[in-house]
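Reproduced below: upload_37.cif, with mmCIF, C-alpha atoms.
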```cif
data_query
#
loop_
_atom_site.label_atom_id
_atom_site.label_comp_id
_atom_site.auth_asym_id
_atom_site.auth_seq_id
_atom_site.Cartn_x
_atom_site.Cartn_y
_atom_site.Cartn_z
CA MET A 1 0.00 0.00 0.00
CA THR A 2 1.39 3.38 -0.95
CA GLN A 3 1.68 6.21 1.53
CA LYS A 4 -0.69 8.22 -0.70
CA ARG A 5 -3.37 5.52 -0.46
CA ILE A 6 -3.00 5.39 3.35
CA VAL A 7 -3.50 9.16 3.50
CA GLU A 8 -6.63 8.90 1.31
CA VAL A 9 -8.09 6.18 3.49
CA ARG A 10 -7.41 8.22 6.61
CA GLN A 11 -9.10 11.25 5.05
CA ASN A 12 -12.16 9.19 4.17
CA ILE A 13 -12.43 7.89 7.72
CA LEU A 14 -12.11 11.40 9.12
CA SER A 15 -14.67 12.95 6.77
CA GLU A 16 -17.22 10.23 7.62
CA ASN A 17 -16.50 10.93 11.28
CA ASP A 18 -16.94 14.68 10.86
CA ALA A 19 -20.32 14.25 9.14
CA ILE A 20 -21.66 12.25 12.09
CA ALA A 21 -20.12 14.70 14.55
CA ALA A 22 -21.86 17.60 12.82
CA GLU A 23 -25.24 15.85 13.25
CA THR A 24 -24.52 15.21 16.94
CA ARG A 25 -23.47 18.82 17.48
CA ALA A 26 -26.65 20.15 15.87
CA ALA A 27 -28.85 17.81 17.94
CA LEU A 28 -27.15 18.73 21.23
CA GLU A 29 -27.25 22.45 20.49
CA LYS A 30 -30.97 22.19 19.72
CA ASP A 31 -31.46 20.74 23.21
CA GLY A 32 -29.31 23.47 24.79
CA VAL A 33 -26.67 20.95 25.88
CA VAL A 34 -23.05 22.02 26.44
CA SER A 35 -20.77 19.06 25.78
CA ILE A 36 -17.18 18.70 26.88
CA ASN A 37 -14.73 16.19 25.44
CA LEU A 38 -12.17 15.51 28.22
CA THR A 39 -8.80 14.27 27.02
CA SER A 40 -5.43 13.51 28.65
CA SER A 41 -2.75 10.89 29.16
CA PRO A 42 -3.91 7.79 30.97
CA GLY A 43 -3.84 8.51 34.68
CA SER A 44 -4.02 12.32 34.61
CA GLY A 45 -7.14 12.25 36.72
CA LYS A 46 -10.05 12.67 34.29
CA THR A 47 -12.45 10.42 36.18
CA THR A 48 -11.58 11.81 39.60
CA LEU A 49 -12.00 15.38 38.34
CA LEU A 50 -15.33 14.40 36.81
CA VAL A 51 -16.64 12.84 40.03
CA LYS A 52 -15.68 15.90 42.08
CA THR A 53 -17.03 18.27 39.43
CA ILE A 54 -20.41 16.53 39.30
CA GLU A 55 -20.66 16.69 43.10
CA ARG A 56 -20.07 20.45 43.00
CA LEU A 57 -22.50 20.96 40.12
CA LYS A 58 -25.35 19.38 42.10
CA GLY A 59 -28.27 21.79 42.25
CA ARG A 60 -26.57 24.04 39.71
CA ALA A 61 -26.54 21.90 36.55
CA ASP A 62 -27.81 18.47 35.52
CA VAL A 63 -25.00 16.37 34.14
CA ALA A 64 -24.75 13.22 32.02
CA VAL A 65 -21.59 11.31 31.11
CA ILE A 66 -20.24 9.12 28.34
CA GLU A 67 -17.20 7.17 29.50
CA GLY A 68 -14.70 5.89 26.94
CA ASP A 69 -12.12 3.19 27.63
CA GLN A 70 -10.52 0.40 25.68
CA GLN A 71 -11.79 -2.13 28.22
CA THR A 72 -13.65 -2.28 31.58
CA ASP A 73 -16.54 -0.25 32.95
CA ASN A 74 -14.53 0.82 36.04
CA ASP A 75 -14.93 4.51 35.28
CA ALA A 76 -18.66 4.33 34.56
CA ARG A 77 -19.13 2.64 37.93
CA LYS A 78 -17.28 5.48 39.64
CA ILE A 79 -19.53 8.02 37.92
CA GLU A 80 -22.65 6.02 38.86
CA GLY A 81 -21.75 6.70 42.47
CA THR A 82 -22.56 10.39 41.89
CA GLY A 83 -26.08 9.57 40.66
CA ALA A 84 -25.44 11.11 37.23
CA PRO A 85 -26.67 9.15 34.20
CA VAL A 86 -23.70 7.45 32.53
CA VAL A 87 -22.93 4.95 29.78
CA GLN A 88 -19.64 3.21 29.13
CA VAL A 89 -18.33 2.91 25.58
CA ASN A 90 -15.55 0.36 25.10
CA THR A 91 -13.39 1.09 22.08
CA GLY A 92 -11.77 -2.37 21.92
CA SER A 93 -8.60 -1.97 19.88
CA ALA A 94 -9.24 1.70 19.07
CA CYS A 95 -7.20 4.34 20.85
CA HIS A 96 -9.84 7.08 20.81
CA LEU A 97 -13.57 7.63 20.77
CA ASP A 98 -15.07 8.51 17.39
CA ALA A 99 -18.30 10.27 16.47
CA ARG A 100 -20.12 7.02 15.72
CA MET A 101 -19.32 5.59 19.17
CA VAL A 102 -20.53 8.77 20.84
CA ARG A 103 -23.74 8.77 18.80
CA GLY A 104 -24.28 5.15 19.93
CA GLY A 105 -23.58 6.17 23.53
CA LEU A 106 -26.08 9.04 23.33
CA GLU A 107 -28.78 6.65 22.09
CA ARG A 108 -28.27 4.49 25.18
CA LEU A 109 -27.89 7.37 27.64
CA ARG A 110 -30.97 8.40 29.63
CA ARG A 111 -29.83 11.97 29.85
CA GLY A 112 -33.24 13.38 30.83
CA ALA A 113 -32.95 17.09 31.60
CA ALA A 114 -29.15 17.11 31.60
CA ARG A 115 -27.83 20.25 29.92
CA MET A 116 -24.19 19.41 30.47
CA LEU A 117 -22.63 16.36 28.86
CA PHE A 118 -19.12 15.18 29.66
CA ILE A 119 -17.44 12.77 27.28
CA GLU A 120 -14.38 11.19 28.89
CA ASN A 121 -12.11 10.09 26.07
CA VAL A 122 -9.64 7.20 26.08
CA GLY A 123 -6.41 8.21 27.85
CA ASN A 124 -4.23 9.30 24.92
CA LEU A 125 -2.69 12.68 24.11
CA VAL A 126 -2.43 11.98 20.39
CA CYS A 127 -5.27 10.39 18.42
CA PRO A 128 -8.28 11.94 20.22
CA ALA A 129 -7.02 15.32 18.94
CA SER A 130 -8.00 14.31 15.39
CA TYR A 131 -11.54 13.12 16.11
CA ASP A 132 -14.43 15.55 16.37
CA LEU A 133 -17.12 13.90 18.51
CA GLY A 134 -19.67 16.69 18.06
CA GLU A 135 -18.64 18.32 21.34
CA THR A 136 -18.91 22.01 22.19
CA MET A 137 -15.25 22.01 23.22
CA LYS A 138 -12.28 19.86 24.07
CA VAL A 139 -10.62 20.24 27.47
CA VAL A 140 -7.17 18.72 27.96
CA LEU A 141 -5.88 17.67 31.40
CA LEU A 142 -2.23 17.52 32.36
CA SER A 143 -1.11 16.36 35.78
CA VAL A 144 1.86 17.87 37.59
CA THR A 145 3.45 14.41 37.71
CA GLU A 146 3.93 14.57 33.93
CA GLY A 147 6.57 16.75 32.30
CA GLU A 148 5.85 20.44 31.78
CA ASP A 149 6.91 20.14 28.13
CA LYS A 150 3.90 17.99 27.16
CA PRO A 151 2.25 20.89 25.25
CA LEU A 152 5.35 21.09 23.02
CA LYS A 153 5.63 17.34 22.56
CA TYR A 154 1.93 16.75 21.80
CA PRO A 155 1.04 20.13 20.28
CA LYS A 156 -2.07 19.19 18.33
CA MET A 157 -4.07 18.27 21.42
CA PHE A 158 -3.30 21.63 23.02
CA ARG A 159 -4.05 23.46 19.75
CA VAL A 160 -7.54 21.96 19.38
CA SER A 161 -8.51 22.36 23.05
CA SER A 162 -10.36 25.35 24.51
CA ALA A 163 -9.03 24.83 28.03
CA MET A 164 -6.17 23.11 29.82
CA VAL A 165 -6.62 21.86 33.37
CA ILE A 166 -3.43 21.29 35.34
CA THR A 167 -4.38 18.57 37.83
CA LYS A 168 -2.98 17.08 41.06
CA THR A 169 -1.52 20.40 42.23
CA ASP A 170 -1.44 18.93 45.76
CA LEU A 171 1.58 16.90 44.55
CA LEU A 172 3.59 19.99 43.52
CA PRO A 173 5.81 19.93 46.65
CA HIS A 174 6.92 16.39 45.75
CA VAL A 175 7.68 16.69 42.03
CA ASP A 176 9.87 18.75 39.69
CA PHE A 177 7.19 20.54 37.69
CA ASP A 178 7.35 24.21 36.76
CA VAL A 179 3.71 25.29 36.44
CA ASP A 180 4.51 28.69 34.94
CA ARG A 181 6.74 27.16 32.30
CA CYS A 182 4.03 24.61 31.44
CA VAL A 183 1.50 27.42 31.00
CA ASP A 184 3.96 29.38 28.85
CA TYR A 185 4.52 26.37 26.60
CA ALA A 186 0.79 25.74 26.29
CA LEU A 187 0.01 29.38 25.44
CA LYS A 188 2.80 29.34 22.87
CA ILE A 189 0.95 26.50 21.12
CA ASN A 190 -2.51 28.01 21.65
CA PRO A 191 -2.69 31.63 22.91
CA SER A 192 -6.45 31.47 23.50
CA LEU A 193 -6.30 28.44 25.81
CA LYS A 194 -8.03 28.97 29.16
CA VAL A 195 -5.93 27.58 32.01
CA PHE A 196 -7.11 26.09 35.31
CA ARG A 197 -4.91 24.75 38.11
CA LEU A 198 -6.53 22.49 40.63
CA SER A 199 -6.44 19.50 42.93
CA ALA A 200 -9.61 17.41 42.78
CA ARG A 201 -8.32 15.70 45.93
CA THR A 202 -8.02 18.79 48.17
CA GLY A 203 -10.54 20.97 46.31
CA GLU A 204 -7.98 23.73 45.68
CA GLY A 205 -8.86 25.57 42.47
CA MET A 206 -12.11 23.65 41.90
CA ASP A 207 -14.35 26.71 42.35
CA SER A 208 -13.03 28.59 39.36
CA TRP A 209 -13.25 25.49 37.16
CA VAL A 210 -16.84 24.78 38.20
CA ASP A 211 -17.83 28.45 37.80
CA HIS A 212 -16.42 28.35 34.29
CA LEU A 213 -18.52 25.30 33.44
CA ILE A 214 -21.66 26.98 34.79
CA SER A 215 -20.93 30.06 32.68
CA LEU A 216 -20.90 27.92 29.53
CA ASN A 217 -24.50 26.93 30.11
CA HIS A 218 -25.81 30.49 30.16
CA MET B 219 -15.73 3.37 3.36
CA THR B 220 -16.95 0.12 4.87
CA GLN B 221 -15.67 -1.20 8.20
CA LYS B 222 -14.39 -4.26 6.32
CA ARG B 223 -12.28 -2.09 4.02
CA ILE B 224 -10.83 -0.19 7.00
CA VAL B 225 -9.82 -3.49 8.61
CA GLU B 226 -8.16 -4.64 5.37
CA VAL B 227 -6.18 -1.41 5.08
CA ARG B 228 -5.06 -1.68 8.69
CA GLN B 229 -3.91 -5.28 8.12
CA ASN B 230 -1.88 -4.23 5.07
CA ILE B 231 -0.17 -1.47 7.03
CA LEU B 232 0.65 -3.87 9.86
CA SER B 233 2.01 -6.61 7.62
CA GLU B 234 4.30 -4.14 5.82
CA ASN B 235 5.45 -2.96 9.25
CA ASP B 236 6.10 -6.51 10.45
CA ALA B 237 8.22 -7.33 7.41
CA ILE B 238 10.53 -4.37 8.10
CA ALA B 239 10.61 -5.21 11.81
CA ALA B 240 11.72 -8.77 11.04
CA GLU B 241 14.66 -7.44 9.00
CA THR B 242 15.65 -5.08 11.82
CA ARG B 243 15.42 -7.87 14.39
CA ALA B 244 17.64 -10.16 12.31
CA ALA B 245 20.24 -7.41 11.79
CA LEU B 246 20.36 -6.50 15.50
CA GLU B 247 20.57 -10.12 16.61
CA LYS B 248 23.43 -10.70 14.19
CA ASP B 249 25.30 -7.85 15.94
CA GLY B 250 24.48 -9.26 19.40
CA VAL B 251 22.35 -6.21 20.27
CA VAL B 252 19.55 -6.48 22.83
CA SER B 253 16.89 -3.89 22.02
CA ILE B 254 14.18 -2.65 24.34
CA ASN B 255 11.06 -0.82 23.22
CA LEU B 256 10.01 1.37 26.18
CA THR B 257 6.33 2.31 26.24
CA SER B 258 4.04 4.13 28.67
CA SER B 259 1.59 6.98 29.07
CA PRO B 260 3.09 10.41 28.46
CA GLY B 261 4.80 11.50 31.65
CA SER B 262 5.39 8.11 33.28
CA GLY B 263 9.10 8.78 33.42
CA LYS B 264 10.59 6.93 30.44
CA THR B 265 13.30 9.50 29.74
CA THR B 266 14.28 9.97 33.37
CA LEU B 267 14.50 6.20 33.87
CA LEU B 268 16.60 5.95 30.73
CA VAL B 269 19.04 8.67 31.85
CA LYS B 270 19.50 7.05 35.26
CA THR B 271 19.76 3.58 33.72
CA ILE B 272 22.47 4.66 31.26
CA GLU B 273 24.46 6.22 34.11
CA ARG B 274 24.35 2.95 36.05
CA LEU B 275 25.23 0.87 32.99
CA LYS B 276 28.44 2.83 32.44
CA GLY B 277 31.38 0.44 32.32
CA ARG B 278 28.99 -2.51 32.22
CA ALA B 279 27.26 -2.08 28.84
CA ASP B 280 27.48 0.32 25.90
CA VAL B 281 24.11 1.84 25.19
CA ALA B 282 22.53 3.64 22.22
CA VAL B 283 19.11 5.28 22.11
CA ILE B 284 16.38 6.08 19.60
CA GLU B 285 13.99 8.70 20.99
CA GLY B 286 10.47 8.91 19.60
CA ASP B 287 8.18 11.91 20.06
CA GLN B 288 5.54 13.64 18.02
CA GLN B 289 7.51 16.90 18.18
CA THR B 290 10.66 18.37 19.81
CA ASP B 291 14.08 16.88 20.47
CA ASN B 292 13.87 17.62 24.22
CA ASP B 293 14.33 13.97 25.17
CA ALA B 294 17.26 13.36 22.83
CA ARG B 295 19.01 16.36 24.39
CA LYS B 296 18.50 14.88 27.86
CA ILE B 297 20.03 11.58 26.68
CA GLU B 298 22.95 13.41 25.04
CA GLY B 299 23.91 14.58 28.51
CA THR B 300 24.78 10.98 29.39
CA GLY B 301 27.21 10.70 26.48
CA ALA B 302 25.28 7.84 24.87
CA PRO B 303 24.73 8.02 21.10
CA VAL B 304 21.13 9.09 20.42
CA VAL B 305 18.89 10.09 17.54
CA GLN B 306 15.48 11.71 17.75
CA VAL B 307 12.67 10.48 15.52
CA ASN B 308 9.69 12.82 15.25
CA THR B 309 6.49 11.04 14.30
CA GLY B 310 4.57 14.18 13.31
CA SER B 311 0.88 13.28 13.40
CA ALA B 312 1.53 9.61 14.19
CA CYS B 313 0.88 8.35 17.70
CA HIS B 314 3.53 5.64 17.73
CA LEU B 315 6.84 4.67 16.24
CA ASP B 316 6.71 2.16 13.41
CA ALA B 317 9.36 -0.20 12.05
CA ARG B 318 10.19 2.09 9.12
CA MET B 319 10.92 5.03 11.44
CA VAL B 320 13.15 2.87 13.63
CA ARG B 321 15.02 1.55 10.60
CA GLY B 322 15.59 5.18 9.54
CA GLY B 323 16.74 6.04 13.04
CA LEU B 324 19.20 3.13 13.09
CA GLU B 325 20.70 4.33 9.81
CA ARG B 326 21.41 7.73 11.39
CA LEU B 327 22.57 6.38 14.76
CA ARG B 328 26.31 6.03 15.32
CA ARG B 329 25.86 3.13 17.66
CA GLY B 330 29.46 1.93 17.48
CA ALA B 331 30.02 -0.93 19.91
CA ALA B 332 26.69 -0.49 21.67
CA ARG B 333 25.15 -3.86 22.46
CA MET B 334 22.10 -2.43 24.17
CA LEU B 335 19.61 -0.31 22.25
CA PHE B 336 16.74 1.51 23.93
CA ILE B 337 13.88 2.73 21.78
CA GLU B 338 11.73 5.22 23.67
CA ASN B 339 8.31 5.14 22.07
CA VAL B 340 5.78 7.98 21.88
CA GLY B 341 3.88 8.30 25.16
CA ASN B 342 0.76 6.25 24.45
CA LEU B 343 -0.57 3.09 26.11
CA VAL B 344 -2.60 2.01 23.08
CA CYS B 345 -1.18 2.15 19.56
CA PRO B 346 2.47 1.26 20.25
CA ALA B 347 1.20 -2.15 21.43
CA SER B 348 0.31 -3.02 17.83
CA TYR B 349 3.60 -2.07 16.19
CA ASP B 350 6.55 -4.43 16.19
CA LEU B 351 9.69 -2.32 15.82
CA GLY B 352 12.08 -5.27 15.60
CA GLU B 353 12.88 -5.05 19.30
CA THR B 354 13.98 -7.93 21.52
CA MET B 355 11.25 -7.03 24.00
CA LYS B 356 8.74 -4.39 25.02
CA VAL B 357 8.88 -2.94 28.52
CA VAL B 358 5.88 -0.96 29.78
CA LEU B 359 6.21 1.71 32.47
CA LEU B 360 3.40 2.74 34.81
CA SER B 361 3.87 5.46 37.39
CA VAL B 362 2.26 5.33 40.82
CA THR B 363 0.50 8.61 40.03
CA GLU B 364 -1.66 6.79 37.46
CA GLY B 365 -4.47 4.43 38.46
CA GLU B 366 -3.60 0.87 39.44
CA ASP B 367 -6.26 -0.43 37.02
CA LYS B 368 -4.32 0.63 33.91
CA PRO B 369 -3.38 -2.99 33.05
CA LEU B 370 -7.10 -3.83 32.87
CA LYS B 371 -8.03 -0.72 30.91
CA TYR B 372 -5.18 -1.00 28.37
CA PRO B 373 -4.68 -4.78 28.38
CA LYS B 374 -2.96 -5.22 25.04
CA MET B 375 0.11 -3.22 26.05
CA PHE B 376 0.57 -5.34 29.16
CA ARG B 377 -0.06 -8.54 27.18
CA VAL B 378 2.67 -7.83 24.60
CA SER B 379 5.26 -6.60 27.13
CA SER B 380 7.92 -8.77 28.76
CA ALA B 381 8.31 -6.52 31.79
CA MET B 382 6.39 -3.83 33.67
CA VAL B 383 8.28 -1.15 35.57
CA ILE B 384 6.30 0.65 38.29
CA THR B 385 7.95 4.08 38.45
CA LYS B 386 8.02 7.05 40.85
CA THR B 387 7.66 4.85 43.95
CA ASP B 388 9.03 7.78 45.99
CA LEU B 389 5.57 9.37 45.52
CA LEU B 390 3.71 6.43 47.09
CA PRO B 391 3.18 8.20 50.45
CA HIS B 392 1.36 11.03 48.63
CA VAL B 393 -0.98 9.13 46.29
CA ASP B 394 -3.71 6.50 46.48
CA PHE B 395 -2.06 3.67 44.58
CA ASP B 396 -2.18 0.04 45.65
CA VAL B 397 1.00 -1.50 44.22
CA ASP B 398 0.01 -5.08 45.04
CA ARG B 399 -3.34 -4.67 43.35
CA CYS B 400 -1.66 -3.18 40.27
CA VAL B 401 0.71 -6.15 40.08
CA ASP B 402 -2.21 -8.57 40.49
CA TYR B 403 -4.09 -6.90 37.65
CA ALA B 404 -1.02 -6.94 35.41
CA LEU B 405 -0.29 -10.62 36.09
CA LYS B 406 -3.93 -11.44 35.41
CA ILE B 407 -3.44 -9.99 31.92
CA ASN B 408 0.03 -11.49 31.44
CA PRO B 409 1.19 -14.12 33.97
CA SER B 410 4.76 -14.14 32.62
CA LEU B 411 5.32 -10.39 33.04
CA LYS B 412 8.45 -9.51 35.03
CA VAL B 413 7.74 -6.72 37.52
CA PHE B 414 10.11 -4.02 38.78
CA ARG B 415 9.29 -1.28 41.29
CA LEU B 416 11.60 1.69 41.43
CA SER B 417 12.22 5.37 41.81
CA ALA B 418 14.67 6.78 39.28
CA ARG B 419 14.79 9.88 41.47
CA THR B 420 15.90 8.25 44.73
CA GLY B 421 17.53 5.17 43.17
CA GLU B 422 15.34 2.75 45.15
CA GLY B 423 14.86 -0.46 43.16
CA MET B 424 17.24 0.59 40.36
CA ASP B 425 19.79 -2.17 41.07
CA SER B 426 17.49 -5.04 40.29
CA TRP B 427 16.29 -3.36 37.08
CA VAL B 428 19.84 -2.70 35.89
CA ASP B 429 20.99 -6.23 36.83
CA HIS B 430 18.10 -7.59 34.78
CA LEU B 431 19.19 -5.55 31.76
CA ILE B 432 22.77 -6.78 32.11
CA SER B 433 21.55 -10.38 32.27
CA LEU B 434 19.80 -9.94 28.91
CA ASN B 435 23.13 -9.24 27.22
CA HIS B 436 24.72 -12.53 28.31
#
```

What do you get writing this file as structure tokens?
Amino acid sequence: MTQKRIVEVRQNILSENDAIAAETRAALEKDGVVSINLTSSPGSGKTTLLVKTIERLKGRADVAVIEGDQQTDNDARKIEGTGAPVVQVNTGSACHLDARMVRGGLERLRRGAARMLFIENVGNLVCPASYDLGETMKVVLLSVTEGEDKPLKYPKMFRVSSAMVITKTDLLPHVDFDVDRCVDYALKINPSLKVFRLSARTGEGMDSWVDHLISLNH
Amino acid sequence: MTQKRIVEVRQNILSENDAIAAETRAALEKDGVVSINLTSSPGSGKTTLLVKTIERLKGRADVAVIEGDQQTDNDARKIEGTGAPVVQVNTGSACHLDARMVRGGLERLRRGAARMLFIENVGNLVCPASYDLGETMKVVLLSVTEGEDKPLKYPKMFRVSSAMVITKTDLLPHVDFDVDRCVDYALKINPSLKVFRLSARTGEGMDSWVDHLISLNH
């Protein structure tokens, strides 16, 4: 197979994906739903942030969740503990959610009055950057236990995201991570990126993140 | 494009890859080189482990390194500090190294007498599992700041690896990570996985990892 043919095939896959994503986006907008595609490395704390966020949104916004993972429904079970409607989508061999999977997830999700939808992507800083799921925005997480140069090494994900959340700030005293330098790198890649710094564990910084989410719904 | 066609295309890409990988493997074996394909999430500490490992191997084994990243040569520059020969391979939009990239890297690498080759893959727990690079073995890293259920959520990577290195154990007092449970999960996926627990920062556990590497060369 020639490189040219591989590129053509990839473009076909992506344009099919984008057509489905456009339908999903239109349907969600019609219902007044803000949808957030959460991406990060495996282990950056997407599920923990989501659980703590949903708890703080109680009484302020109704939330529903689509959980993506290669295997297991561990994360969906954690979300269930919050009482929010959730479905798990297993991607099998695929390293990212695509628009078709999300459409399938939405069909199964009893989202009721929920006007905020979180889509937790597979842990991967590369491929999810290329797949539009029909979301309102992508939000990328980066934990302080990772290197501060991640925005330079995986630039596309930071370019296509609307916000970056620096997580696990409670671990800052124990790691070599220069938060200011990380933010500089990220803004170099994407000057319009909103930046949040928080610890879902201690609650530090959660207020401004949750207030931002609420503002999206108005 | 039908799903069937996508699967066919993917199989063609993989079989081309495997043919190149087989050539690389034969060439390295002929030269008595042990090669290790290091994989993990972004930020699990592959480069730091590599730097500390090379320092400890000095006088015991000559090492060369191929560094894979989407963008930047940050990691290659860190390796250069050790004095080991290194080349950086940038994958651009690709989320993994493939056999062709590694072959290209080997052509540029002045590996001299090096009988141990480390290939640091792109940070990604999914796609690198599917690409044979011609290595002697894959070694997967998992830091204690990630969840202990990663082997269940990304099973293929743990299935195709010969060893798992649990990194950043110096952070254990500050995180909720059950090492024994993680090891149980990993061995459930792959009962023959060798397990190492270490902190490249404090040096704890490094001896047994380095002794293992030395044993591979004899």

**Message:** When you look at segment 264-275 of chain B with a cut-off of 7 Å (counting only C-alpha atoms), what residues show up, excluding the ones that are within fewer than 6 positions of it in the same chain? I need them as number ranges by chain.
**Reply:** B: 281, 293, 297, 300, 418, 428

Check which residues of segment 222-281 of chain B sit at most 12 Å from segment 135-142 of chain A using only C-alpha atoms, and return one row each with the closest pair of atoms and their distance in Å to one decimal, ordered by chain and rising number, as a Markdown table.
```
| residue | atom | partner | partner_atom | distance |
| --- | --- | --- | --- | --- |
| B:Ser259 | CA | A:Leu142 | CA | 11.7 |
| B:Pro260 | CA | A:Leu142 | CA | 9.7 |
| B:Gly261 | CA | A:Leu142 | CA | 9.3 |
```

**Request:** Tell me which protein, DNA and RNA residues are within 12 Å of Asn235 of chain B, counting all atoms listed in the file, leaving out same-chain ones fewer than 5 positions away, and put them as a list in words.
**Result:** Met1 of chain A; Arg228, Gln229, Asn230, Ala240, Glu241, Thr242, Leu315, Asp316, Ala317, Arg318, Met319, Val320, Arg321, Ser348, Tyr349, Asp350, Leu351 and Gly352 of chain B

**Item:** Polymer residues at most 9 Å from Lys374 of chain B, all atoms listed in the file, same-chain spacing of 2 or more positions, as a PyMOL selection string
**Value:** (chain A and resi 93) or (chain B and resi 343-344+347-348+369-372+376-379+407)

**Prompt:** Out of B:Lys248, B:His314, B:Arg295, B:Arg399, which residue has the shortest atom-to-atom distance to chain A when counting all atoms listed in the file?
**Reply:** B:His314

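What separates atom CA of Lys194 of chain A from atom CA of Gly263 of chain B is a distance of 26.8 Å.
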